[in-house]
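Enquirer: TSV, N, CA and C atoms, saved as data05.tsv, coming up:
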chain	number	residue	atom	x	y	z
A	1	MET	N	86.86	47.24	-45.87
A	1	MET	CA	87.15	46.82	-44.51
A	1	MET	C	86.01	47.31	-43.61
A	2	SER	N	85.50	46.44	-42.79
A	2	SER	CA	84.36	46.82	-41.96
A	2	SER	C	84.82	47.66	-40.77
A	3	ILE	N	83.87	48.36	-40.18
A	3	ILE	CA	84.14	49.20	-39.02
A	3	ILE	C	84.63	48.35	-37.85
A	4	THR	N	84.04	47.18	-37.67
A	4	THR	CA	84.43	46.30	-36.57
A	4	THR	C	85.89	45.89	-36.70
A	5	ILE	N	86.31	45.50	-37.89
A	5	ILE	CA	87.69	45.09	-38.09
A	5	ILE	C	88.63	46.26	-37.84
A	6	CYS	N	88.24	47.44	-38.31
A	6	CYS	CA	89.06	48.63	-38.08
A	6	CYS	C	89.20	48.92	-36.58
A	7	TYR	N	88.10	48.79	-35.85
A	7	TYR	CA	88.11	49.08	-34.42
A	7	TYR	C	88.99	48.08	-33.68
A	8	VAL	N	88.84	46.79	-33.98
A	8	VAL	CA	89.64	45.76	-33.32
A	8	VAL	C	91.11	45.97	-33.65
A	9	THR	N	91.43	46.30	-34.91
A	9	THR	CA	92.81	46.56	-35.31
A	9	THR	C	93.37	47.74	-34.54
A	10	PHE	N	92.59	48.81	-34.45
A	10	PHE	CA	92.99	50.00	-33.70
A	10	PHE	C	93.27	49.65	-32.25
A	11	CYS	N	92.36	48.90	-31.63
A	11	CYS	CA	92.51	48.53	-30.22
A	11	CYS	C	93.73	47.64	-30.02
A	12	TYR	N	93.96	46.73	-30.94
A	12	TYR	CA	95.10	45.83	-30.84
A	12	TYR	C	96.40	46.62	-30.94
A	13	ILE	N	96.47	47.53	-31.89
A	13	ILE	CA	97.66	48.35	-32.10
A	13	ILE	C	97.96	49.18	-30.86
A	14	TYR	N	96.93	49.74	-30.25
A	14	TYR	CA	97.15	50.61	-29.09
A	14	TYR	C	97.07	49.87	-27.75
A	15	GLY	N	97.09	48.54	-27.79
A	15	GLY	CA	97.21	47.74	-26.58
A	15	GLY	C	95.98	47.64	-25.71
A	16	ILE	N	94.82	47.94	-26.24
A	16	ILE	CA	93.63	47.85	-25.41
A	16	ILE	C	92.75	46.66	-25.79
A	17	TYR	N	93.23	45.84	-26.72
A	17	TYR	CA	92.46	44.67	-27.12
A	17	TYR	C	92.30	43.70	-25.95
A	18	GLU	N	93.38	43.52	-25.18
A	18	GLU	CA	93.31	42.60	-24.04
A	18	GLU	C	92.26	43.07	-23.04
A	19	ASP	N	92.18	44.39	-22.81
A	19	ASP	CA	91.18	44.90	-21.89
A	19	ASP	C	89.77	44.68	-22.42
A	20	MET	N	89.61	44.68	-23.75
A	20	MET	CA	88.29	44.41	-24.32
A	20	MET	C	87.89	42.97	-24.04
A	21	LYS	N	88.86	42.06	-24.09
A	21	LYS	CA	88.57	40.65	-23.86
A	21	LYS	C	88.34	40.37	-22.38
A	22	LYS	N	88.96	41.17	-21.53
A	22	LYS	CA	88.87	40.97	-20.08
A	22	LYS	C	88.36	42.26	-19.45
A	23	PRO	N	87.05	42.40	-19.34
A	23	PRO	CA	86.50	43.67	-18.82
A	23	PRO	C	86.87	43.97	-17.37
A	24	TYR	N	87.29	42.96	-16.63
A	24	TYR	CA	87.64	43.17	-15.23
A	24	TYR	C	89.15	43.13	-15.01
A	25	ALA	N	89.92	43.37	-16.07
A	25	ALA	CA	91.39	43.29	-15.98
A	25	ALA	C	91.95	44.27	-14.95
A	26	ALA	N	91.47	45.50	-14.96
A	26	ALA	CA	91.99	46.50	-14.01
A	26	ALA	C	91.66	46.11	-12.58
A	27	MET	N	90.44	45.61	-12.37
A	27	MET	CA	90.05	45.17	-11.04
A	27	MET	C	90.92	43.99	-10.62
A	28	GLY	N	91.19	43.08	-11.54
A	28	GLY	CA	92.03	41.93	-11.24
A	28	GLY	C	93.42	42.34	-10.79
A	29	LYS	N	93.98	43.35	-11.43
A	29	LYS	CA	95.31	43.85	-11.04
A	29	LYS	C	95.28	44.41	-9.62
A	30	ARG	N	94.19	45.12	-9.29
A	30	ARG	CA	94.08	45.67	-7.94
A	30	ARG	C	93.92	44.56	-6.90
A	31	ILE	N	93.15	43.53	-7.25
A	31	ILE	CA	92.97	42.39	-6.34
A	31	ILE	C	94.31	41.70	-6.09
A	32	LYS	N	95.07	41.50	-7.17
A	32	LYS	CA	96.38	40.85	-7.03
A	32	LYS	C	97.31	41.71	-6.17
A	33	GLU	N	97.32	43.01	-6.41
A	33	GLU	CA	98.16	43.92	-5.61
A	33	GLU	C	97.81	43.82	-4.13
A	34	ALA	N	96.50	43.82	-3.82
A	34	ALA	CA	96.06	43.74	-2.43
A	34	ALA	C	96.49	42.41	-1.80
A	35	ARG	N	96.32	41.32	-2.54
A	35	ARG	CA	96.71	40.01	-2.01
A	35	ARG	C	98.20	39.96	-1.74
A	36	GLU	N	99.00	40.50	-2.65
A	36	GLU	CA	100.45	40.45	-2.50
A	36	GLU	C	100.92	41.19	-1.26
A	37	THR	N	100.20	42.21	-0.81
A	37	THR	CA	100.60	42.93	0.40
A	37	THR	C	100.41	42.07	1.65
A	38	THR	N	99.57	41.05	1.56
A	38	THR	CA	99.35	40.16	2.70
A	38	THR	C	100.39	39.06	2.77
A	39	GLU	N	101.20	38.94	1.70
A	39	GLU	CA	102.21	37.89	1.58
A	39	GLU	C	101.60	36.49	1.55
A	40	LEU	N	100.32	36.42	1.16
A	40	LEU	CA	99.66	35.13	0.96
A	40	LEU	C	99.77	34.76	-0.51
A	41	SER	N	99.92	33.47	-0.78
A	41	SER	CA	99.88	33.02	-2.17
A	41	SER	C	98.42	33.03	-2.64
A	42	ALA	N	98.23	32.90	-3.93
A	42	ALA	CA	96.86	32.85	-4.47
A	42	ALA	C	96.11	31.65	-3.90
A	43	ILE	N	96.80	30.55	-3.72
A	43	ILE	CA	96.16	29.34	-3.17
A	43	ILE	C	95.77	29.56	-1.71
A	44	GLU	N	96.67	30.17	-0.94
A	44	GLU	CA	96.35	30.46	0.46
A	44	GLU	C	95.17	31.41	0.57
A	45	MET	N	95.13	32.42	-0.30
A	45	MET	CA	94.01	33.37	-0.28
A	45	MET	C	92.72	32.66	-0.64
A	46	SER	N	92.75	31.81	-1.66
A	46	SER	CA	91.53	31.10	-2.05
A	46	SER	C	91.04	30.22	-0.90
A	47	ASN	N	91.96	29.60	-0.18
A	47	ASN	CA	91.57	28.79	0.98
A	47	ASN	C	90.92	29.65	2.07
A	48	ASN	N	91.50	30.84	2.32
A	48	ASN	CA	90.94	31.75	3.32
A	48	ASN	C	89.54	32.23	2.92
A	49	LEU	N	89.29	32.33	1.62
A	49	LEU	CA	88.00	32.80	1.12
A	49	LEU	C	87.01	31.65	0.89
A	50	ASN	N	87.47	30.43	1.12
A	50	ASN	CA	86.64	29.23	0.91
A	50	ASN	C	86.14	29.12	-0.53
A	51	ILE	N	87.04	29.38	-1.47
A	51	ILE	CA	86.73	29.20	-2.88
A	51	ILE	C	87.84	28.38	-3.52
A	52	GLU	N	87.55	27.82	-4.67
A	52	GLU	CA	88.53	27.01	-5.38
A	52	GLU	C	89.64	27.91	-5.96
A	53	PRO	N	90.89	27.45	-5.94
A	53	PRO	CA	91.98	28.25	-6.50
A	53	PRO	C	91.76	28.70	-7.95
A	54	PRO	N	91.23	27.85	-8.84
A	54	PRO	CA	91.00	28.34	-10.21
A	54	PRO	C	90.01	29.52	-10.26
A	55	THR	N	89.02	29.50	-9.38
A	55	THR	CA	88.05	30.60	-9.33
A	55	THR	C	88.76	31.88	-8.89
A	56	TYR	N	89.59	31.76	-7.85
A	56	TYR	CA	90.31	32.94	-7.37
A	56	TYR	C	91.24	33.48	-8.46
A	57	ARG	N	91.93	32.60	-9.16
A	57	ARG	CA	92.84	33.05	-10.23
A	57	ARG	C	92.08	33.80	-11.32
A	58	MET	N	90.83	33.40	-11.58
A	58	MET	CA	90.02	34.13	-12.57
A	58	MET	C	89.77	35.57	-12.12
A	59	TYR	N	89.61	35.79	-10.83
A	59	TYR	CA	89.42	37.15	-10.32
A	59	TYR	C	90.69	37.98	-10.54
A	60	GLU	N	91.84	37.39	-10.23
A	60	GLU	CA	93.10	38.12	-10.39
A	60	GLU	C	93.44	38.39	-11.86
A	61	ARG	N	93.07	37.48	-12.74
A	61	ARG	CA	93.33	37.68	-14.17
A	61	ARG	C	92.34	38.65	-14.80
A	62	GLY	N	91.24	38.92	-14.10
A	62	GLY	CA	90.23	39.81	-14.65
A	62	GLY	C	89.23	39.11	-15.53
A	63	ASP	N	89.19	37.79	-15.45
A	63	ASP	CA	88.23	37.02	-16.25
A	63	ASP	C	86.82	37.12	-15.67
A	64	ARG	N	86.74	37.30	-14.36
A	64	ARG	CA	85.44	37.40	-13.68
A	64	ARG	C	85.50	38.49	-12.62
A	65	LYS	N	84.33	39.02	-12.32
A	65	LYS	CA	84.20	40.02	-11.25
A	65	LYS	C	84.04	39.29	-9.92
A	66	MET	N	84.78	39.73	-8.92
A	66	MET	CA	84.65	39.11	-7.60
A	66	MET	C	83.31	39.53	-7.00
A	67	PRO	N	82.46	38.56	-6.63
A	67	PRO	CA	81.15	38.91	-6.08
A	67	PRO	C	81.26	39.48	-4.66
A	68	PRO	N	80.25	40.25	-4.25
A	68	PRO	CA	80.30	40.89	-2.92
A	68	PRO	C	80.50	39.90	-1.77
A	69	HIS	N	79.91	38.70	-1.86
A	69	HIS	CA	80.05	37.75	-0.75
A	69	HIS	C	81.49	37.21	-0.64
A	70	THR	N	82.28	37.39	-1.67
A	70	THR	CA	83.71	37.04	-1.61
A	70	THR	C	84.54	38.28	-1.32
A	71	MET	N	84.11	39.42	-1.86
A	71	MET	CA	84.86	40.66	-1.65
A	71	MET	C	84.89	41.06	-0.18
A	72	SER	N	83.81	40.83	0.53
A	72	SER	CA	83.74	41.24	1.94
A	72	SER	C	84.85	40.60	2.78
A	73	PRO	N	84.99	39.27	2.76
A	73	PRO	CA	86.11	38.71	3.54
A	73	PRO	C	87.48	39.07	2.96
A	74	PHE	N	87.54	39.28	1.64
A	74	PHE	CA	88.80	39.69	1.02
A	74	PHE	C	89.26	41.04	1.58
A	75	THR	N	88.33	41.98	1.71
A	75	THR	CA	88.69	43.29	2.26
A	75	THR	C	89.08	43.20	3.74
A	76	GLU	N	88.48	42.28	4.46
A	76	GLU	CA	88.84	42.07	5.87
A	76	GLU	C	90.28	41.56	5.97
A	77	ILE	N	90.66	40.66	5.08
A	77	ILE	CA	92.00	40.08	5.10
A	77	ILE	C	93.05	41.09	4.64
A	78	THR	N	92.76	41.79	3.54
A	78	THR	CA	93.76	42.68	2.93
A	78	THR	C	93.77	44.08	3.50
A	79	LYS	N	92.68	44.49	4.14
A	79	LYS	CA	92.52	45.86	4.66
A	79	LYS	C	92.47	46.90	3.54
A	80	TYR	N	92.09	46.46	2.34
A	80	TYR	CA	91.88	47.38	1.21
A	80	TYR	C	90.39	47.68	1.12
A	81	SER	N	90.04	48.87	0.62
A	81	SER	CA	88.63	49.23	0.52
A	81	SER	C	88.00	48.60	-0.72
A	82	SER	N	86.76	48.20	-0.59
A	82	SER	CA	86.06	47.58	-1.72
A	82	SER	C	85.84	48.58	-2.85
A	83	ASP	N	85.65	49.87	-2.53
A	83	ASP	CA	85.51	50.88	-3.58
A	83	ASP	C	86.75	50.91	-4.46
A	84	TRP	N	87.90	50.90	-3.84
A	84	TRP	CA	89.13	50.94	-4.62
A	84	TRP	C	89.32	49.65	-5.41
A	85	LEU	N	89.04	48.52	-4.77
A	85	LEU	CA	89.21	47.25	-5.47
A	85	LEU	C	88.26	47.12	-6.66
A	86	TYR	N	86.99	47.46	-6.47
A	86	TYR	CA	86.01	47.35	-7.56
A	86	TYR	C	86.21	48.42	-8.63
A	87	LEU	N	86.38	49.67	-8.21
A	87	LEU	CA	86.31	50.79	-9.15
A	87	LEU	C	87.62	51.54	-9.36
A	88	GLY	N	88.57	51.35	-8.47
A	88	GLY	CA	89.81	52.10	-8.56
A	88	GLY	C	89.66	53.52	-8.06
A	89	THR	N	88.59	53.79	-7.31
A	89	THR	CA	88.35	55.13	-6.78
A	89	THR	C	88.31	55.08	-5.26
A	90	GLY	N	88.39	56.23	-4.65
A	90	GLY	CA	88.32	56.29	-3.20
A	90	GLY	C	89.65	55.91	-2.56
A	91	ARG	N	89.59	55.66	-1.28
A	91	ARG	CA	90.79	55.32	-0.52
A	91	ARG	C	91.22	53.90	-0.85
A	92	LYS	N	92.53	53.74	-1.03
A	92	LYS	CA	93.07	52.41	-1.32
A	92	LYS	C	92.97	51.52	-0.09
A	93	GLN	N	93.52	51.99	1.00
A	93	GLN	CA	93.46	51.23	2.25
A	93	GLN	C	92.13	51.49	2.93
A	94	ALA	N	91.61	50.48	3.57
A	94	ALA	CA	90.37	50.64	4.31
A	94	ALA	C	90.59	51.62	5.46
A	95	SER	N	89.51	52.17	5.93
A	95	SER	CA	89.58	53.15	7.02
A	95	SER	C	90.10	52.51	8.30
A	96	VAL	N	90.50	53.36	9.19
A	96	VAL	CA	90.93	52.93	10.51
A	96	VAL	C	89.78	52.16	11.16
A	97	SER	N	90.11	51.15	11.90
A	97	SER	CA	89.09	50.33	12.55
A	97	SER	C	88.12	51.20	13.34
A	98	GLY	N	86.83	50.97	13.14
A	98	GLY	CA	85.81	51.70	13.86
A	98	GLY	C	85.39	52.99	13.18
A	99	VAL	N	86.03	53.35	12.08
A	99	VAL	CA	85.68	54.57	11.34
A	99	VAL	C	85.10	54.14	10.00
A	100	SER	N	83.87	54.55	9.75
A	100	SER	CA	83.22	54.19	8.49
A	100	SER	C	83.84	54.96	7.33
A	101	ASP	N	83.57	54.52	6.11
A	101	ASP	CA	84.06	55.23	4.93
A	101	ASP	C	83.52	56.66	4.90
A	102	TYR	N	82.25	56.83	5.30
A	102	TYR	CA	81.63	58.16	5.35
A	102	TYR	C	82.37	59.07	6.32
A	103	GLU	N	82.66	58.53	7.52
A	103	GLU	CA	83.38	59.32	8.53
A	103	GLU	C	84.80	59.64	8.06
A	104	GLN	N	85.45	58.68	7.41
A	104	GLN	CA	86.80	58.92	6.91
A	104	GLN	C	86.80	60.00	5.84
A	105	LYS	N	85.77	60.02	4.98
A	105	LYS	CA	85.66	61.06	3.96
A	105	LYS	C	85.50	62.43	4.62
A	106	MET	N	84.70	62.49	5.70
A	106	MET	CA	84.53	63.76	6.42
A	106	MET	C	85.87	64.22	7.00
A	107	ILE	N	86.61	63.30	7.58
A	107	ILE	CA	87.92	63.64	8.15
A	107	ILE	C	88.84	64.17	7.05
A	108	ASP	N	88.86	63.50	5.92
A	108	ASP	CA	89.71	63.94	4.80
A	108	ASP	C	89.29	65.32	4.31
A	109	ASP	N	87.97	65.55	4.24
A	109	ASP	CA	87.48	66.87	3.80
A	109	ASP	C	87.89	67.97	4.77
A	110	ILE	N	87.80	67.68	6.06
A	110	ILE	CA	88.17	68.67	7.07
A	110	ILE	C	89.66	68.99	7.00
A	111	LYS	N	90.47	67.99	6.71
A	111	LYS	CA	91.91	68.21	6.58
A	111	LYS	C	92.24	69.20	5.47
A	112	ASN	N	91.38	69.29	4.47
A	112	ASN	CA	91.62	70.19	3.33
A	112	ASN	C	91.10	71.61	3.55
A	113	LEU	N	90.47	71.87	4.69
A	113	LEU	CA	89.96	73.20	4.99
A	113	LEU	C	91.05	74.08	5.58
A	114	ASP	N	90.89	75.38	5.42
A	114	ASP	CA	91.84	76.28	6.08
A	114	ASP	C	91.39	76.49	7.53
A	115	GLU	N	92.18	77.21	8.32
A	115	GLU	CA	91.90	77.37	9.75
A	115	GLU	C	90.56	78.05	10.02
A	116	LYS	N	90.23	79.07	9.24
A	116	LYS	CA	88.96	79.78	9.42
A	116	LYS	C	87.78	78.84	9.18
A	117	GLU	N	87.86	78.02	8.15
A	117	GLU	CA	86.77	77.07	7.84
A	117	GLU	C	86.66	76.00	8.93
A	118	ARG	N	87.81	75.54	9.44
A	118	ARG	CA	87.79	74.54	10.53
A	118	ARG	C	87.15	75.13	11.78
A	119	ASN	N	87.47	76.39	12.09
A	119	ASN	CA	86.87	77.04	13.25
A	119	ASN	C	85.36	77.16	13.11
A	120	ALA	N	84.90	77.46	11.90
A	120	ALA	CA	83.45	77.56	11.65
A	120	ALA	C	82.79	76.20	11.86
A	121	ILE	N	83.43	75.14	11.41
A	121	ILE	CA	82.90	73.78	11.61
A	121	ILE	C	82.86	73.46	13.11
A	122	GLN	N	83.93	73.80	13.83
A	122	GLN	CA	83.98	73.53	15.27
A	122	GLN	C	82.88	74.29	16.01
A	123	THR	N	82.64	75.55	15.61
A	123	THR	CA	81.57	76.34	16.22
A	123	THR	C	80.22	75.68	15.98
A	124	LEU	N	80.00	75.20	14.78
A	124	LEU	CA	78.75	74.51	14.45
A	124	LEU	C	78.59	73.25	15.30
A	125	ILE	N	79.64	72.47	15.42
A	125	ILE	CA	79.59	71.24	16.22
A	125	ILE	C	79.30	71.58	17.69
A	126	ASP	N	79.98	72.60	18.21
A	126	ASP	CA	79.77	73.00	19.61
A	126	ASP	C	78.33	73.44	19.84
A	127	SER	N	77.76	74.18	18.88
A	127	SER	CA	76.37	74.64	19.05
A	127	SER	C	75.40	73.45	18.98
A	128	MET	N	75.69	72.47	18.15
A	128	MET	CA	74.83	71.29	18.06
A	128	MET	C	74.90	70.47	19.36
A	129	LYS	N	76.10	70.34	19.91
A	129	LYS	CA	76.25	69.60	21.17
A	129	LYS	C	75.53	70.34	22.30
A	130	GLY	N	75.61	71.67	22.29
A	130	GLY	CA	74.95	72.49	23.33
A	130	GLY	C	73.45	72.35	23.24
A	131	ALA	N	72.90	72.23	22.04
A	131	ALA	CA	71.45	72.11	21.86
A	131	ALA	C	70.95	70.76	22.39
A	132	ARG	N	71.79	69.75	22.35
A	132	ARG	CA	71.39	68.41	22.85
A	132	ARG	C	71.42	68.34	24.36
A	133	GLU	N	72.24	69.15	24.99
A	133	GLU	CA	72.42	69.05	26.46
A	133	GLU	C	71.35	69.76	27.21
What is this structure when it is put down as structure tokens?
Expert:
Amino acid sequence: MSITICYVTFCYIYGIYEDMKKPYAAMGKRIKEARETTELSAIEMSNNLNIEPPTYRMYERGDRKMPPHTMSPFTEITKYSSDWLYLGTGRKQASVSGVSDYEQKMIDDIKNLDEKERNAIQTLIDSMKGARE
């Protein structure tokens, strides 16, 4: 028995064969989840993105990767972050309007500091503002 056959058999038994056939399956699940929160059908979403419904369905099934020029309006509609949709990492929901991902990460980091560390950051910010004035 060849190594390839053993590997495919192993993957099939442990349920990862489908993921081998569809490399974007996890991303497709996240795209579908995001669309469902908007209460739009797949056809309505494809119309909003100006793409054909079969193309959009391929993204949700994980057959194809959603390109950036389609992902951008998709994130605007769903309010989900592209990092989470593409990679499954970072914040699921997009940042508050007017706050960049970088700024949101800083806010999240500051929330995890204790009071002494926050005071040190505030002192640093105050000294920087004083130097500009």
Enquirer: Pick the closest to Glu60 (chain A) from A:Gly28, A:Gly130, A:Pro23, A:Pro73: which is it, counting only C-alpha atoms?
Expert: A:Gly28
Enquirer: With distances taken over all atoms listed in the file, which of A:Tyr80, A:Tyr86, A:Ala42, A:Lys32 is nearest to Arg61 (chain A)?
Expert: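 Of the candidates, the smallest distance to Arg61 (chain A) is held by A:Lys32.
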Enquirer: Counting only C-alpha atoms, which residues of region 77-129 of chain A fall within 9 Å of region 62-72 of chain A, and what is the closest atom pair for each with its distance in Å at one decimal, ordered by chain and rising number, as JSON lines?
Expert:
{"residue": "A:Ile77", "atom": "CA", "partner": "A:Ser72", "partner_atom": "CA", "distance": 8.9}
{"residue": "A:Ser82", "atom": "CA", "partner": "A:Met71", "partner_atom": "CA", "distance": 7.0}
{"residue": "A:Leu85", "atom": "CA", "partner": "A:Met71", "partner_atom": "CA", "distance": 8.8}
{"residue": "A:Tyr86", "atom": "CA", "partner": "A:Met66", "partner_atom": "CA", "distance": 8.4}
